Amino acid sequence: MTRLTHVRSPAGVAPGNGYSHVVWGTGRFVAVSGQCAFGVDGEVVGEGDAGAQARQVFENLRLCLAEAGASFEDVVKLTYFVTDVAHLPAVRAARDEVIDTARPPASSAVQVAALFRPELLVEIEAFAIVGEGA
């Protein structure tokens, strides 16, 4: 069994908006490569729509986590790469559909000049800690 500790605002640090500043736990470490908005057919889902792309990315992350015996409850860190910070509200809305918003993972958001295909708006990677029996 994994026990994660989430600290949304350590002493002396301003509270984050929708993320924990620190998360730790014990168990097996799982790293999920950055996922983009590709459907099972390899085609981009939601071209031009950051919200649709983010929902597909979180579905891809869910499937990858499940392969390792993990779920979003086990995620300790998310890193968002967006082509425009204006996409972040749509990304956060999609994230809030899959995580426990009272115990959010740590996160970083980075605006990038481009992703590896021009129609992609969002890429997200995840780190999780899973109990040894998972």
# chains A, B, ... in the order shown; residues from 1 in each chain; ligands from 1
>>> select_by_dssp(residues="chain A", states="alpha helix (DSSP H)", output="PyMOL selection string")
chain A and resi 50-67+88-96
>>> select_by_dssp(residues="chain A", states="strand (DSSP E or B)", output="CSV table (one decimal) with C-alpha atoms, in the first residue's frame")
chain,number,residue,atom,x,y,z
A,4,LEU,CA,1.4,9.8,-0.1
A,5,THR,CA,1.8,13.0,1.8
A,6,HIS,CA,0.7,16.2,0.0
A,7,VAL,CA,1.8,19.6,1.4
A,22,VAL,CA,5.5,18.9,-2.1
A,23,VAL,CA,4.4,15.3,-2.4
A,24,TRP,CA,6.2,12.3,-1.1
A,25,GLY,CA,5.6,8.6,-0.4
A,28,ARG,CA,7.6,1.8,-6.6
A,29,PHE,CA,8.4,4.8,-8.8
A,30,VAL,CA,6.6,5.1,-12.1
A,31,ALA,CA,7.5,7.6,-14.8
A,32,VAL,CA,5.1,8.1,-17.7
A,33,SER,CA,6.6,9.8,-20.8
A,34,GLY,CA,5.0,13.0,-22.1
A,35,GLN,CA,1.6,12.2,-23.6
A,38,PHE,CA,-3.3,11.0,-30.0
A,44,VAL,CA,-4.6,13.9,-33.3
A,75,VAL,CA,0.5,10.6,-9.2
A,76,VAL,CA,3.0,12.8,-7.3
A,77,LYS,CA,4.0,15.1,-10.1
A,78,LEU,CA,2.6,16.4,-13.4
A,79,THR,CA,4.6,18.5,-15.9
A,80,TYR,CA,2.6,20.4,-18.5
A,81,PHE,CA,4.1,21.7,-21.7
A,82,VAL,CA,1.7,24.1,-23.6
A,106,ALA,CA,3.0,18.7,-7.5
A,107,SER,CA,3.2,20.3,-10.9
A,108,SER,CA,5.1,22.5,-13.3
A,109,ALA,CA,3.8,24.3,-16.4
A,110,VAL,CA,6.1,25.4,-19.2
A,111,GLN,CA,5.2,27.4,-22.3
A,122,VAL,CA,-0.5,20.2,-24.9
A,123,GLU,CA,1.9,17.5,-23.7
A,124,ILE,CA,1.9,16.2,-20.1
A,125,GLU,CA,4.2,13.8,-18.3
A,126,ALA,CA,3.5,12.1,-15.0
A,127,PHE,CA,5.4,10.6,-12.1
A,128,ALA,CA,3.7,8.2,-9.7
A,129,ILE,CA,4.5,6.1,-6.6
A,130,VAL,CA,2.7,2.8,-6.4
>>> residues_around(residues="Ala37 of chain A", least_positions_apart="3", cutoff="12 Å", atoms="only C-alpha atoms", output="ChimeraX atom specification")
/A:34,40-61,91,115-117,119-124
>>> write_last_selection(atoms="N, CA and C atoms", output="short mmCIF file (atom, residue, chain, number, x, y, z; two decimals), in the first residue's frame")
data_model
loop_
_atom_site.label_atom_id
_atom_site.label_comp_id
_atom_site.auth_asym_id
_atom_site.auth_seq_id
_atom_site.Cartn_x
_atom_site.Cartn_y
_atom_site.Cartn_z
N GLY A 34 5.92 11.95 -21.66
CA GLY A 34 4.97 12.97 -22.08
C GLY A 34 3.97 12.40 -23.07
N VAL A 40 -6.20 6.15 -30.22
CA VAL A 40 -5.65 4.81 -30.44
C VAL A 40 -5.24 4.59 -31.90
N ASP A 41 -5.85 5.33 -32.82
CA ASP A 41 -5.53 5.22 -34.25
C ASP A 41 -4.30 6.04 -34.64
N GLY A 42 -3.72 6.76 -33.69
CA GLY A 42 -2.54 7.57 -33.96
C GLY A 42 -2.84 8.94 -34.52
N GLU A 43 -4.12 9.26 -34.66
CA GLU A 43 -4.53 10.58 -35.17
C GLU A 43 -4.69 11.55 -34.01
N VAL A 44 -4.45 12.83 -34.28
CA VAL A 44 -4.62 13.87 -33.26
C VAL A 44 -6.12 14.04 -32.96
N VAL A 45 -6.43 14.06 -31.67
CA VAL A 45 -7.80 14.29 -31.21
C VAL A 45 -7.91 15.76 -30.82
N GLY A 46 -8.93 16.45 -31.29
CA GLY A 46 -9.20 17.82 -30.86
C GLY A 46 -8.29 18.87 -31.46
N GLU A 47 -7.99 18.74 -32.73
CA GLU A 47 -7.12 19.73 -33.37
C GLU A 47 -7.69 21.13 -33.16
N GLY A 48 -6.85 22.04 -32.64
CA GLY A 48 -7.26 23.42 -32.39
C GLY A 48 -8.03 23.63 -31.10
N ASP A 49 -8.28 22.58 -30.32
CA ASP A 49 -9.09 22.65 -29.11
C ASP A 49 -8.27 22.13 -27.92
N ALA A 50 -7.74 23.06 -27.12
CA ALA A 50 -6.87 22.67 -26.01
C ALA A 50 -7.59 21.80 -24.99
N GLY A 51 -8.87 22.06 -24.75
CA GLY A 51 -9.63 21.25 -23.79
C GLY A 51 -9.79 19.81 -24.26
N ALA A 52 -10.15 19.63 -25.52
CA ALA A 52 -10.30 18.28 -26.08
C ALA A 52 -8.96 17.56 -26.09
N GLN A 53 -7.90 18.28 -26.43
CA GLN A 53 -6.58 17.65 -26.42
C GLN A 53 -6.18 17.25 -25.01
N ALA A 54 -6.43 18.12 -24.04
CA ALA A 54 -6.07 17.80 -22.66
C ALA A 54 -6.84 16.58 -22.16
N ARG A 55 -8.12 16.48 -22.49
CA ARG A 55 -8.89 15.31 -22.06
C ARG A 55 -8.31 14.03 -22.66
N GLN A 56 -7.90 14.07 -23.93
CA GLN A 56 -7.29 12.89 -24.55
C GLN A 56 -5.94 12.58 -23.91
N VAL A 57 -5.17 13.61 -23.60
CA VAL A 57 -3.88 13.40 -22.94
C VAL A 57 -4.10 12.72 -21.59
N PHE A 58 -5.06 13.18 -20.80
CA PHE A 58 -5.31 12.55 -19.51
C PHE A 58 -5.82 11.13 -19.67
N GLU A 59 -6.56 10.85 -20.71
CA GLU A 59 -6.98 9.46 -20.97
C GLU A 59 -5.76 8.61 -21.30
N ASN A 60 -4.85 9.13 -22.12
CA ASN A 60 -3.63 8.39 -22.43
C ASN A 60 -2.78 8.17 -21.17
N LEU A 61 -2.69 9.19 -20.33
CA LEU A 61 -1.97 9.03 -19.07
C LEU A 61 -2.62 7.96 -18.21
N VAL A 91 -6.56 22.97 -19.59
CA VAL A 91 -5.78 21.83 -19.10
C VAL A 91 -6.14 21.55 -17.64
N LEU A 115 5.49 22.01 -30.02
CA LEU A 115 5.66 20.59 -29.74
C LEU A 115 6.09 19.93 -31.05
N PHE A 116 6.25 18.62 -31.05
CA PHE A 116 6.87 17.99 -32.22
C PHE A 116 5.99 17.93 -33.45
N ARG A 117 4.69 18.23 -33.32
CA ARG A 117 3.81 18.39 -34.48
C ARG A 117 3.03 19.68 -34.29
N GLU A 119 0.07 20.75 -34.89
CA GLU A 119 -1.32 20.75 -34.42
C GLU A 119 -1.46 20.40 -32.94
N LEU A 120 -0.37 19.99 -32.30
CA LEU A 120 -0.40 19.65 -30.88
C LEU A 120 -0.26 20.91 -30.02
N LEU A 121 -1.11 21.02 -29.01
CA LEU A 121 -1.14 22.18 -28.12
C LEU A 121 -0.65 21.87 -26.71
N VAL A 122 -0.72 20.58 -26.32
CA VAL A 122 -0.48 20.17 -24.94
C VAL A 122 0.29 18.85 -24.91
N GLU A 123 1.26 18.77 -24.02
CA GLU A 123 1.92 17.50 -23.69
C GLU A 123 2.06 17.46 -22.19
N ILE A 124 1.81 16.30 -21.59
CA ILE A 124 1.88 16.17 -20.13
C ILE A 124 2.61 14.88 -19.78
#
>>> atom_distance(atom1="atom CA of Pro89 of chain A", atom2="atom CA of Phe72 of chain A")
19.2 Å
>>> closest_residue(among="A:Cys36, A:Val85, A:Ala93, A:Leu63", to="Gly18 of chain A", atoms="only C-alpha atoms")
A:Ala93
>>> atom_distance(atom1="atom CA of Thr101 of chain A", atom2="atom CA of Asp74 of chain A")
13.3 Å
>>> closest_residue(among="A:Pro104, A:Arg62, A:Pro10, A:Gly39", to="Arg92 of chain A", atoms="only C-alpha atoms")
A:Pro104
>>> closest_residue(among="A:Glu132, A:Arg3, A:Glu73, A:Asp84", to="Ala102 of chain A", atoms="only C-alpha atoms")
A:Glu73
>>> closest_residue(among="A:Thr26, A:Ala113, A:Asn17, A:Leu65", to="Leu88 of chain A", atoms="only C-alpha atoms")
A:Asn17
>>> closest_residue(among="A:Val112, A:Pro15, A:Ser9, A:Arg103", to="Thr83 of chain A", atoms="only C-alpha atoms")
A:Val112
